[in-house]
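Source file query_26.txt; content: compact mmCIF, C-alpha atoms.
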# COMPACT_ATOMS: atom_id res chain seq x y z
CA MET A 237 0.00 0.00 0.00
CA PHE A 238 2.86 2.36 0.83
CA GLU A 239 4.33 2.03 -2.65
CA GLN A 240 0.90 2.81 -4.11
CA VAL A 241 0.78 6.05 -2.13
CA VAL A 242 4.24 7.14 -3.24
CA THR A 243 3.94 6.14 -6.89
CA SER A 244 0.50 7.69 -7.34
CA PHE A 245 1.75 10.95 -5.86
CA ILE A 246 4.76 11.06 -8.17
CA ALA A 247 2.76 9.99 -11.23
CA SER A 248 0.11 12.66 -10.71
CA ALA A 249 2.64 15.40 -10.09
CA ALA A 250 4.58 14.32 -13.18
CA PHE A 251 1.37 14.54 -15.17
CA GLY A 252 1.04 18.08 -13.92
CA VAL A 253 4.36 18.76 -15.61
CA LEU A 254 3.20 17.14 -18.86
CA PHE A 255 0.14 19.40 -18.91
CA ASN A 256 2.35 22.34 -17.98
CA ALA A 257 0.53 23.15 -14.77
CA PRO A 258 2.08 26.06 -12.84
CA LYS A 259 5.00 25.12 -10.64
CA GLN A 260 3.32 26.00 -7.35
CA SER A 261 0.40 23.69 -8.11
CA LEU A 262 2.41 20.51 -8.76
CA ILE A 263 2.45 19.34 -5.15
CA LYS A 264 -1.29 19.86 -4.92
CA CYS A 265 -1.77 17.96 -8.19
CA GLY A 266 0.16 15.07 -6.71
CA LEU A 267 -1.93 15.23 -3.55
CA VAL A 268 -5.24 15.14 -5.42
CA GLY A 269 -4.08 12.25 -7.58
CA MET A 270 -2.80 10.37 -4.58
CA ILE A 271 -6.03 10.71 -2.60
CA GLY A 272 -8.13 9.62 -5.57
CA TRP A 273 -5.97 6.62 -6.37
CA VAL A 274 -5.56 5.43 -2.77
CA LEU A 275 -9.32 5.63 -2.30
CA TYR A 276 -9.91 3.66 -5.49
CA TYR A 277 -7.24 1.11 -4.67
CA GLY A 278 -8.47 0.67 -1.12
CA LEU A 279 -12.07 0.17 -2.21
CA VAL A 280 -11.06 -2.40 -4.80
CA GLU A 281 -8.88 -4.17 -2.22
CA ILE A 282 -11.83 -4.62 0.14
CA GLU A 283 -13.70 -6.02 -2.86
CA TYR A 284 -15.98 -3.28 -3.94
CA ASP A 285 -16.82 -3.23 -7.64
CA SER A 286 -14.26 -1.23 -9.62
CA ILE A 287 -17.01 0.89 -11.19
CA PHE A 288 -18.31 1.93 -7.78
CA ALA A 289 -14.74 2.55 -6.58
CA THR A 290 -14.06 4.76 -9.59
CA LEU A 291 -17.25 6.70 -9.04
CA VAL A 292 -16.41 7.38 -5.39
CA ALA A 293 -12.79 8.28 -6.14
CA ALA A 294 -13.79 10.62 -8.98
CA PHE A 295 -16.35 12.29 -6.74
CA VAL A 296 -13.80 12.88 -4.01
CA VAL A 297 -11.29 14.16 -6.58
CA GLY A 298 -13.95 16.56 -7.83
CA VAL A 299 -14.73 17.87 -4.35
CA ILE A 300 -11.08 18.36 -3.42
CA SER A 301 -10.40 20.06 -6.75
CA GLN A 302 -13.28 22.50 -6.18
CA PHE A 303 -11.83 23.27 -2.78
CA PHE A 304 -8.27 23.76 -4.07
CA ALA A 305 -9.44 25.84 -7.03
CA LYS A 306 -11.21 28.24 -4.73
CA ARG A 307 -8.48 28.27 -2.11
CA TYR A 308 -5.58 28.91 -4.49
CA LYS A 309 -7.55 30.85 -7.13
CA MET A 310 -6.60 28.59 -10.03
CA PRO A 311 -8.71 26.99 -12.74
CA ILE A 312 -10.27 23.81 -11.40
CA ILE A 313 -9.18 21.86 -14.45
CA ILE A 314 -5.58 21.72 -13.21
CA PHE A 315 -6.58 19.63 -10.22
CA THR A 316 -9.26 17.48 -11.79
CA ILE A 317 -6.94 16.38 -14.58
CA ALA A 318 -4.19 15.36 -12.20
CA GLY A 319 -6.67 13.54 -10.00
CA ILE A 320 -8.45 11.77 -12.83
CA ILE A 321 -5.40 10.50 -14.70
CA PRO A 322 -4.70 7.52 -12.41
CA LEU A 323 -8.36 6.47 -12.61
CA VAL A 324 -8.43 6.39 -16.43
CA PRO A 325 -8.87 2.69 -17.30
CA GLY A 326 -5.66 2.47 -19.33
CA GLY A 327 -4.87 -1.10 -18.41
CA LEU A 328 -8.34 -2.36 -19.21
CA SER A 329 -8.52 -0.59 -22.56
CA TYR A 330 -5.13 -2.02 -23.39
CA ASP A 331 -6.46 -5.49 -22.58
CA ALA A 332 -9.52 -4.87 -24.73
CA MET A 333 -7.38 -3.75 -27.63
CA LYS A 334 -5.12 -6.75 -27.26
CA HIS A 335 -8.04 -9.14 -27.47
CA PHE A 336 -9.34 -7.31 -30.53
CA VAL A 337 -5.98 -7.79 -32.21
CA GLU A 338 -6.02 -11.48 -31.29
CA ASN A 339 -9.47 -11.81 -32.92
CA ASP A 340 -10.95 -12.76 -29.58
CA TYR A 341 -14.00 -10.54 -30.04
CA ASN A 342 -16.12 -12.02 -27.24
CA VAL A 343 -13.71 -11.04 -24.52
CA ALA A 344 -12.71 -7.83 -26.31
CA VAL A 345 -16.24 -6.47 -26.52
CA GLN A 346 -16.86 -7.32 -22.88
CA LEU A 347 -13.74 -5.45 -21.84
CA ALA A 348 -14.55 -2.49 -24.08
CA ALA A 349 -18.00 -2.23 -22.50
CA LYS A 350 -16.38 -2.22 -19.08
CA VAL A 351 -14.03 0.57 -20.21
CA CYS A 352 -17.03 2.63 -21.29
CA MET A 353 -18.70 2.06 -17.93
CA LEU A 354 -15.57 3.16 -16.09
CA ALA A 355 -15.20 6.28 -18.22
CA GLY A 356 -18.84 7.04 -17.50
CA ALA A 357 -18.24 6.54 -13.79
CA ILE A 358 -15.38 9.05 -13.85
CA ALA A 359 -17.55 11.61 -15.63
CA MET A 360 -20.46 11.04 -13.25
CA GLY A 361 -18.21 11.39 -10.21
CA ILE A 362 -16.86 14.72 -11.41
CA ILE A 363 -20.34 15.91 -12.30
CA PHE A 364 -21.81 14.97 -8.93
CA ALA A 365 -19.06 17.00 -7.28
CA GLU A 366 -19.88 19.95 -9.53
CA VAL A 367 -23.61 19.75 -8.87
CA MET A 368 -22.97 19.62 -5.16
CA ASN A 369 -20.72 22.64 -5.42
CA GLN A 370 -23.37 24.60 -7.29
CA LEU A 371 -25.98 23.71 -4.73
CA MET A 372 -23.64 24.94 -2.02
CA ILE A 373 -22.97 28.20 -3.86
CA LYS A 374 -26.71 28.76 -4.25
CA TYR A 375 -27.25 27.99 -0.59
CA ASN A 376 -24.51 30.39 0.49
CA ARG A 377 -25.77 33.08 -1.85
CA ARG A 378 -29.21 32.85 -0.37
CA LYS A 379 -27.72 33.13 3.10
CA GLN A 380 -25.66 36.22 2.36
CA SER A 381 -27.16 37.73 -0.74
CA GLU A 382 -24.97 40.85 -0.73
CA LYS A 383 -21.86 38.80 -1.57
CA GLY A 384 -21.27 38.18 -5.30
CA ALA A 385 -20.70 34.75 -6.76
CA PRO A 386 -17.05 33.67 -6.49
CA LEU A 387 -15.22 33.37 -9.79
CA LYS A 388 -14.80 29.71 -10.45
CA MET B 40 -19.75 56.94 -24.13
CA GLU B 41 -19.24 53.74 -26.00
CA ASP B 42 -18.22 54.54 -29.50
CA GLN B 43 -17.43 52.11 -32.24
CA ARG B 44 -13.70 52.20 -31.65
CA SER B 45 -13.74 51.37 -27.96
CA LEU B 46 -16.18 48.55 -28.62
CA ASN B 47 -13.76 47.27 -31.20
CA SER B 48 -10.89 47.15 -28.73
CA ILE B 49 -13.07 45.53 -26.07
CA ILE B 50 -14.09 42.78 -28.44
CA ASP B 51 -10.44 42.25 -29.38
CA VAL B 52 -9.48 41.76 -25.74
CA CYS B 53 -12.31 39.29 -25.18
CA LEU B 54 -11.48 37.30 -28.29
CA LEU B 55 -7.78 37.20 -27.51
CA ALA B 56 -8.44 35.92 -24.00
CA GLY B 57 -10.81 33.31 -25.36
CA LYS B 58 -8.40 32.28 -28.07
CA ILE B 59 -5.49 31.76 -25.69
CA MET B 60 -7.67 29.74 -23.32
CA LEU B 61 -9.14 27.51 -26.03
CA GLU B 62 -5.79 26.91 -27.67
CA ASN B 63 -4.33 25.74 -24.40
CA GLY B 64 -6.99 23.32 -23.29
CA ALA B 65 -9.53 25.17 -21.15
CA GLU B 66 -13.11 23.97 -20.91
CA THR B 67 -15.49 25.64 -23.35
CA TYR B 68 -17.89 26.86 -20.72
CA ARG B 69 -15.06 28.56 -18.87
CA VAL B 70 -13.93 30.29 -22.07
CA GLU B 71 -17.40 31.67 -22.72
CA ASP B 72 -17.82 32.68 -19.11
CA THR B 73 -14.48 34.51 -19.04
CA MET B 74 -15.20 36.39 -22.26
CA ILE B 75 -18.60 37.56 -21.04
CA ARG B 76 -17.16 38.58 -17.69
CA ILE B 77 -14.42 40.65 -19.32
CA ALA B 78 -16.94 42.34 -21.61
CA SER B 79 -19.23 43.22 -18.76
CA ALA B 80 -16.33 44.53 -16.68
CA PHE B 81 -15.64 46.99 -19.49
CA GLY B 82 -19.26 48.05 -19.48
CA CYS B 83 -20.81 45.91 -22.21
CA LYS B 84 -23.64 44.25 -20.35
CA GLU B 85 -25.04 42.39 -23.32
CA SER B 86 -22.68 40.04 -25.05
CA GLN B 87 -23.06 36.66 -26.64
CA SER B 88 -20.39 34.05 -27.01
CA PHE B 89 -20.43 30.81 -28.91
CA SER B 90 -17.25 28.80 -28.75
CA THR B 91 -16.38 25.42 -30.13
CA PRO B 92 -12.97 23.74 -30.10
CA THR B 93 -12.29 25.10 -33.58
CA GLY B 94 -13.56 28.65 -33.39
CA ILE B 95 -15.25 31.42 -31.40
CA ILE B 96 -18.09 33.75 -32.39
CA PHE B 97 -18.45 36.71 -30.09
CA SER B 98 -20.75 39.68 -30.32
CA LEU B 99 -21.43 42.80 -28.30
CA ASP B 100 -24.88 44.27 -28.32
CA GLY B 101 -25.88 47.85 -27.71
CA ASP B 102 -26.07 51.04 -29.75
CA TYR B 103 -23.38 49.82 -32.13
CA PRO B 104 -23.71 46.05 -32.30
CA ILE B 105 -20.53 44.36 -33.38
CA SER B 106 -19.41 40.77 -33.75
CA LYS B 107 -16.28 38.93 -34.73
CA VAL B 108 -15.25 35.39 -35.48
CA ILE B 109 -11.92 33.84 -34.63
CA ARG B 110 -10.59 30.55 -35.88
CA ILE B 111 -8.66 28.14 -33.66
CA SER B 112 -6.49 25.93 -35.77
CA HIS B 113 -3.93 24.72 -33.29
CA ARG B 114 -4.72 23.10 -29.96
CA SER B 115 -2.38 21.94 -27.23
CA THR B 116 -2.34 21.61 -23.48
CA ASP B 117 -0.72 24.34 -21.46
CA LEU B 118 -2.53 24.87 -18.20
CA HIS B 119 -0.11 27.55 -17.10
CA LYS B 120 -1.37 29.90 -19.80
CA VAL B 121 -4.97 29.13 -18.87
CA THR B 122 -4.12 30.06 -15.29
CA LEU B 123 -2.49 33.31 -16.37
CA VAL B 124 -5.46 34.33 -18.53
CA ASN B 125 -7.63 33.50 -15.57
CA SER B 126 -5.70 35.87 -13.34
CA ILE B 127 -5.73 38.62 -15.99
CA SER B 128 -9.49 38.30 -16.31
CA ARG B 129 -9.73 38.39 -12.54
CA SER B 130 -7.90 41.71 -12.38
CA VAL B 131 -10.02 43.04 -15.27
CA THR B 132 -13.21 42.25 -13.39
CA ASN B 133 -11.73 43.94 -10.33
CA LYS B 134 -11.25 47.03 -12.56
CA GLU B 135 -7.48 46.99 -12.08
CA LEU B 136 -6.66 47.01 -15.79
CA THR B 137 -7.75 49.23 -18.66
CA VAL B 138 -8.70 47.81 -22.04
CA ARG B 139 -5.35 48.78 -23.48
CA GLU B 140 -3.32 47.28 -20.61
CA ALA B 141 -5.28 44.07 -20.72
CA TYR B 142 -4.74 43.77 -24.46
CA ILE B 143 -0.98 44.32 -24.11
CA LYS B 144 -0.75 41.78 -21.29
CA LEU B 145 -2.68 39.17 -23.26
CA LYS B 146 -0.62 39.79 -26.37
CA GLU B 147 2.57 39.26 -24.37
CA LEU B 148 1.13 36.10 -22.89
CA GLU B 149 0.17 34.75 -26.30
CA LYS B 150 3.78 35.01 -27.47
CA ALA B 151 5.37 33.96 -24.19
CA ASN B 152 6.73 30.49 -23.67
CA VAL B 153 5.90 29.39 -20.15
CA ALA B 154 6.43 25.68 -20.77
CA TYR B 155 8.79 23.56 -18.74
CA PRO B 156 12.12 22.79 -20.43
CA LEU B 157 12.02 19.83 -22.79
CA TRP B 158 14.17 17.56 -20.65
CA ILE B 159 11.92 18.10 -17.63
CA GLN B 160 8.88 17.13 -19.68
CA ILE B 161 10.57 13.99 -20.94
CA PHE B 162 11.76 13.19 -17.45
CA ALA B 163 8.19 13.59 -16.16
CA ALA B 164 6.96 11.14 -18.80
CA PHE B 165 9.84 8.83 -17.89
CA ILE B 166 9.10 8.77 -14.18
CA SER B 167 5.31 8.65 -14.47
CA SER B 168 5.49 5.63 -16.81
CA GLY B 169 7.35 3.64 -14.21
CA CYS B 170 5.03 4.76 -11.43
CA PHE B 171 1.98 3.68 -13.43
CA THR B 172 3.48 0.25 -13.92
CA ILE B 173 3.75 -0.11 -10.15
CA MET B 174 0.24 1.31 -9.63
CA PHE B 175 -1.23 -1.29 -11.97
CA ASN B 176 0.34 -4.01 -9.80
CA GLY B 177 3.46 -4.43 -11.88
CA GLN B 178 6.71 -5.63 -10.40
CA TRP B 179 9.56 -3.38 -9.36
CA ASN B 180 12.00 -4.93 -11.83
CA ASP B 181 9.74 -3.68 -14.65
CA PHE B 182 9.89 -0.15 -13.29
CA ILE B 183 12.98 1.02 -15.13
CA TRP B 184 11.98 -0.61 -18.44
CA ALA B 185 8.58 1.05 -18.36
CA CYS B 186 10.34 4.33 -17.60
CA ILE B 187 12.62 3.98 -20.60
CA ALA B 188 9.85 2.90 -22.98
CA GLY B 189 7.57 5.71 -21.79
CA GLY B 190 10.27 8.37 -21.99
CA LEU B 191 11.25 7.20 -25.44
CA GLY B 192 7.66 7.24 -26.65
CA PHE B 193 7.02 10.70 -25.27
CA ALA B 194 10.24 12.08 -26.75
CA CYS B 195 9.12 10.65 -30.11
CA LEU B 196 5.75 12.33 -29.72
CA LEU B 197 7.28 15.73 -28.98
CA HIS B 198 9.71 15.44 -31.85
CA LEU B 199 7.16 14.28 -34.41
CA HIS B 200 4.75 16.96 -33.25
CA ARG B 201 7.22 19.57 -34.32
CA LEU B 202 8.04 17.77 -37.54
CA LEU B 203 4.55 17.32 -38.92
CA GLU B 204 1.13 18.76 -38.33
CA VAL B 205 -0.86 15.53 -38.18
CA ARG B 206 -1.21 14.86 -34.47
CA PHE B 207 -2.70 11.38 -34.75
CA PHE B 208 0.19 10.17 -36.81
CA ALA B 209 2.65 11.36 -34.16
CA GLU B 210 0.64 9.53 -31.49
CA PHE B 211 0.51 6.41 -33.63
CA ILE B 212 4.27 6.36 -34.15
CA ALA B 213 4.97 7.12 -30.49
CA SER B 214 2.88 4.21 -29.25
CA PHE B 215 4.37 1.98 -31.93
CA VAL B 216 7.82 2.87 -30.61
CA ILE B 217 6.65 2.02 -27.08
CA GLY B 218 5.34 -1.33 -28.27
CA VAL B 219 8.57 -2.17 -30.08
CA ALA B 220 10.73 -1.08 -27.15
CA ALA B 221 8.71 -3.16 -24.70
CA PHE B 222 8.86 -6.22 -26.96
CA TRP B 223 12.58 -5.75 -27.32
CA PHE B 224 13.13 -5.54 -23.56
CA MET B 225 11.20 -8.78 -23.18
CA TYR B 226 13.08 -10.38 -26.05
CA ILE B 227 16.49 -9.76 -24.51
CA GLY B 228 15.11 -11.01 -21.20
CA LEU B 229 15.05 -7.82 -19.16
CA GLY B 230 11.43 -7.26 -18.19
CA SER B 231 9.09 -9.71 -16.53
CA GLU B 232 5.60 -8.67 -17.72
CA LEU B 233 5.10 -7.23 -21.19
CA ASP B 234 1.55 -6.01 -20.50
CA LYS B 235 2.47 -4.01 -17.43
CA ILE B 236 5.39 -2.32 -19.17
CA ILE B 237 3.25 -1.28 -22.12
CA ILE B 238 0.35 -0.06 -19.97
CA GLY B 239 2.64 2.10 -17.86
CA ALA B 240 4.57 3.47 -20.80
CA VAL B 241 1.45 4.38 -22.78
CA MET B 242 -0.12 6.43 -19.96
CA PRO B 243 1.64 9.76 -20.82
CA LEU B 244 -0.05 9.62 -24.24
CA VAL B 245 -3.56 8.95 -22.93
CA PRO B 246 -5.97 11.82 -23.70
CA GLY B 247 -7.10 12.29 -20.12
CA LEU B 248 -7.57 16.03 -20.38
CA LEU B 249 -9.70 15.75 -23.49
CA ILE B 250 -11.94 13.08 -22.00
CA THR B 251 -12.58 15.05 -18.81
CA ASN B 252 -13.14 18.26 -20.76
CA ALA B 253 -15.55 16.52 -23.10
CA ALA B 254 -17.60 15.18 -20.21
CA ARG B 255 -17.68 18.53 -18.45
CA ASP B 256 -18.66 20.37 -21.61
CA LEU B 257 -21.44 17.91 -22.35
CA ILE B 258 -22.87 18.27 -18.87
CA ALA B 259 -22.63 22.06 -18.99
CA GLY B 260 -24.84 21.90 -22.10
CA HIS B 261 -22.15 22.63 -24.71
CA LEU B 262 -23.19 19.70 -26.81
CA VAL B 263 -21.28 20.72 -29.93
CA SER B 264 -17.91 21.17 -28.25
CA GLY B 265 -18.48 18.21 -25.97
CA LEU B 266 -19.02 15.91 -28.93
CA ALA B 267 -16.12 17.45 -30.85
CA LYS B 268 -13.74 16.94 -27.95
CA GLY B 269 -15.06 13.45 -27.44
CA ALA B 270 -14.31 12.67 -31.07
CA ASP B 271 -10.85 14.15 -30.66
CA ALA B 272 -10.20 11.97 -27.60
CA GLY B 273 -11.57 8.92 -29.40
CA LEU B 274 -9.26 9.46 -32.35
CA THR B 275 -6.28 9.84 -30.06
CA ALA B 276 -7.17 6.64 -28.22
CA LEU B 277 -7.59 4.90 -31.56
CA ALA B 278 -4.17 6.10 -32.72
CA ILE B 279 -2.53 4.81 -29.54
CA GLY B 280 -4.35 1.49 -29.76
CA ALA B 281 -3.45 1.10 -33.42
CA GLY B 282 0.23 1.82 -32.73
CA ILE B 283 0.43 -0.87 -30.08
CA ALA B 284 -1.65 -3.23 -32.20
CA VAL B 285 0.69 -2.88 -35.17
CA ALA B 286 3.64 -3.63 -32.88
CA PHE B 287 1.76 -6.74 -31.72
CA VAL B 288 1.00 -7.92 -35.20
CA ILE B 289 4.43 -7.54 -36.74
CA LEU B 290 6.45 -8.81 -33.78
In structure tokens, what does this structure look like?
Amino acid sequence: MFEQVVTSFIASAAFGVLFNAPKQSLIKCGLVGMIGWVLYYGLVEIEYDSIFATLVAAFVVGVISQFFAKRYKMPIIIFTIAGIIPLVPGGLSYDAMKHFVENDYNVAVQLAAKVCMLAGAIAMGIIFAEVMNQLMIKYNRRKQSEKGAPLK
Amino acid sequence: MEDQRSLNSIIDVCLLAGKIMLENGAETYRVEDTMIRIASAFGCKESQSFSTPTGIIFSLDGDYPISKVIRISHRSTDLHKVTLVNSISRSVTNKELTVREAYIKLKELEKANVAYPLWIQIFAAFISSGCFTIMFNGQWNDFIWACIAGGLGFACLLHLHRLLEVRFFAEFIASFVIGVAAFWFMYIGLGSELDKIIIGAVMPLVPGLLITNAARDLIAGHLVSGLAKGADAGLTALAIGAGIAVAFVIL
């Protein structure tokens, strides 16, 4: 588990470099990626379905990214990307592709469908986080209506 | 008094900000939002923006309605520039910058090169490839081979990108190189699991940003740009898959 924590942190921060995220955000990118991946990995370890694990991890990544974006006044996309990258089903899509090449279409189509489900779970997780954020903004605005909406 | 000329310079500032953001991988809804915010900070309350990944239409309403179109032909990922435009637009909405100053700042930013040095980018691809191999339950003795294959593939991608305009071809060749390198490491008996090496090494090429952007755009109701970005991501994934597949078939 320890090596998962370290490698996911480094991988996410390195992805920040590939997307040319600002220098001061790299550590935070690594942090978001690490939290998302450890959550996913932990949930899969205790035998939750990988789709559910992805959904939860993506949701948490979305929430943390919203928080960081507001706190450090940076576009949210910097943090969501770094957090999402480890969850992208790269291994599974590779497997699917391999079975396609080997003309094993039965397995390949099954795997490809699973990849689609996982991609959908990532999107849904991020969207849930966004919806929750908007609800919170609306709630806060109602509470103190003189304050303008924060720039996302 | 808003005369034609000041409207013209306001629309130029908005379009330039939008152009820089779109070219560097911002979400469409954020681009439109930023442009409308800038316009309203300069006193144009009614403005309409329609942006897609390949172009922006922007118009200011009022006594002298005016609209312009801008074409986006080149797209890459540079989140630092998006951040900088974001902070410029923030100071515009706080009325800290005039139209002229904002335009000059954006123009400077458009030309500026804020990217990390090449070797750092390749090193990042190198190290992240190895880390992904471990994350996908690979073994530690595959770490270094995944690093090398991934770094090599990414260096190929950067180089080919500069050489030719067709992005999918560059991605295809890069993943082909990764496939060949991984096969070769296995062939001379260095790695232990071919699959894990390839999966790790391919990760720096995966269109993660595009996929997330596409989903966010679709949900925000930007159906056109969401679908366009989805298609872009799909093509990239196809190119990567095809590169690896060709390596499989011929080796």
ask   = So what do you get for CA of Ser130 (chain B) versus CA of Ile143 (chain B), distance-wise?
value = 13.9 Å
query = Which polymer residues have any atom within 7 Å of an atom of region 250-266 of chain B, counting all atoms listed in the file, with same-chain residues fewer than 6 positions away left out, as a list in words?
reply = Ala359 of chain A; Glu66, Thr67, Tyr68, Thr91, Pro92 and Ala272 of chain B
query = Suppose you want the space between CA of Gly230 (chain B) and CA of Glu338 (chain A); what is it in Å?
reply = 22.2 Å
Sorted by chain and rising residue number, which residues of chain A lie within 8 Å of chain B, and what are their closest atom pairs and distances in Å to one decimal, counting only C-alpha atoms, as a tab-separated table?
residue	atom	partner	partner_atom	distance
A:Glu239	CA	B:Ile173	CA	7.8
A:Gln240	CA	B:Met174	CA	5.8
A:Thr243	CA	B:Cys170	CA	4.9
A:Ser244	CA	B:Cys170	CA	6.8
A:Ile246	CA	B:Ser167	CA	6.8
A:Ala247	CA	B:Ser167	CA	4.3
A:Ser248	CA	B:Ser167	CA	7.6
A:Ala250	CA	B:Ala163	CA	4.7
A:Phe251	CA	B:Ala163	CA	7.0
A:Val253	CA	B:Gln160	CA	6.3
A:Leu254	CA	B:Gln160	CA	5.7
A:Phe255	CA	B:Asp117	CA	5.6
A:Asn256	CA	B:Asp117	CA	5.1
A:Ala257	CA	B:Leu118	CA	4.9
A:Pro258	CA	B:His119	CA	5.0
A:Met310	CA	B:Thr122	CA	6.0
A:Pro311	CA	B:Thr122	CA	6.1
A:Ile313	CA	B:Ala65	CA	7.5
A:Ile314	CA	B:Leu118	CA	6.6
A:Ile317	CA	B:Leu248	CA	5.8
A:Ile320	CA	B:Gly247	CA	7.4
A:Ile321	CA	B:Gly247	CA	6.0
A:Pro322	CA	B:Phe171	CA	7.8
A:Val324	CA	B:Gly247	CA	7.1
A:Gly326	CA	B:Ile238	CA	6.6
A:Gly327	CA	B:Ile238	CA	5.5
A:Tyr330	CA	B:Ile238	CA	6.8
A:Met333	CA	B:Gly280	CA	6.4
A:Lys334	CA	B:Ala284	CA	7.0
A:Val337	CA	B:Ala284	CA	6.3
A:Ala359	CA	B:Ala254	CA	5.8
A:Ile363	CA	B:Arg255	CA	7.2
A:Leu387	CA	B:Arg129	CA	7.9
Using the file's own x, y and z axes, what box holds all listed atoms of region 252-259 of chain A with 8 Å on each side, keeping edges along x, y and z, and what are its centre and edge lengths in Å to one decimal, as JSON?
{"center_x": 2.6, "center_y": 21.6, "center_z": -14.8, "size_x": 20.9, "size_y": 24.9, "size_z": 24.3}
request  = For Gly94 (chain B), list every protein, DNA or RNA residue within 12 Å, evaluated using all atoms listed in the file, and leave out those in the same chain fewer than 2 positions away; present the list as a PyMOL selection string.
outcome  = chain B and resi 54-55+57-62+67+70-71+88-92+96-97+107-114+263-264+267
ask   = Within 10 Å of Ser48 (chain B), counting only C-alpha atoms, which residues qualify if same-chain residues fewer than 5 places away don't, as a list in words?
value =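 So, after excluding close chain neighbours, the residues are Gln43, Cys53, Leu54, Val138, Arg139 and Tyr142 of chain B.
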For the residues selected in the previous step, produce a file with C-alpha atoms as a short mmCIF file (atom, residue, chain, number, x, y, z; two decimals), in the coordinates of the input.
data_model
loop_
_atom_site.label_atom_id
_atom_site.label_comp_id
_atom_site.auth_asym_id
_atom_site.auth_seq_id
_atom_site.Cartn_x
_atom_site.Cartn_y
_atom_site.Cartn_z
CA GLN B 43 -17.43 52.11 -32.24
CA CYS B 53 -12.31 39.29 -25.18
CA LEU B 54 -11.48 37.30 -28.29
CA VAL B 138 -8.70 47.81 -22.04
CA ARG B 139 -5.35 48.78 -23.48
CA TYR B 142 -4.74 43.77 -24.46
#
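Between CA of Val299 (chain A) and CA of Met237 (chain A) lies a distance of 23.6 Å.
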query = Which residues come within 10 Å of region 282-289 of chain A, counting only C-alpha atoms, excluding same-chain residues fewer than 2 positions away, as a ChimeraX atom specification?
reply = /A:272-273,275-280,291-295,323,350-351,353-358,361
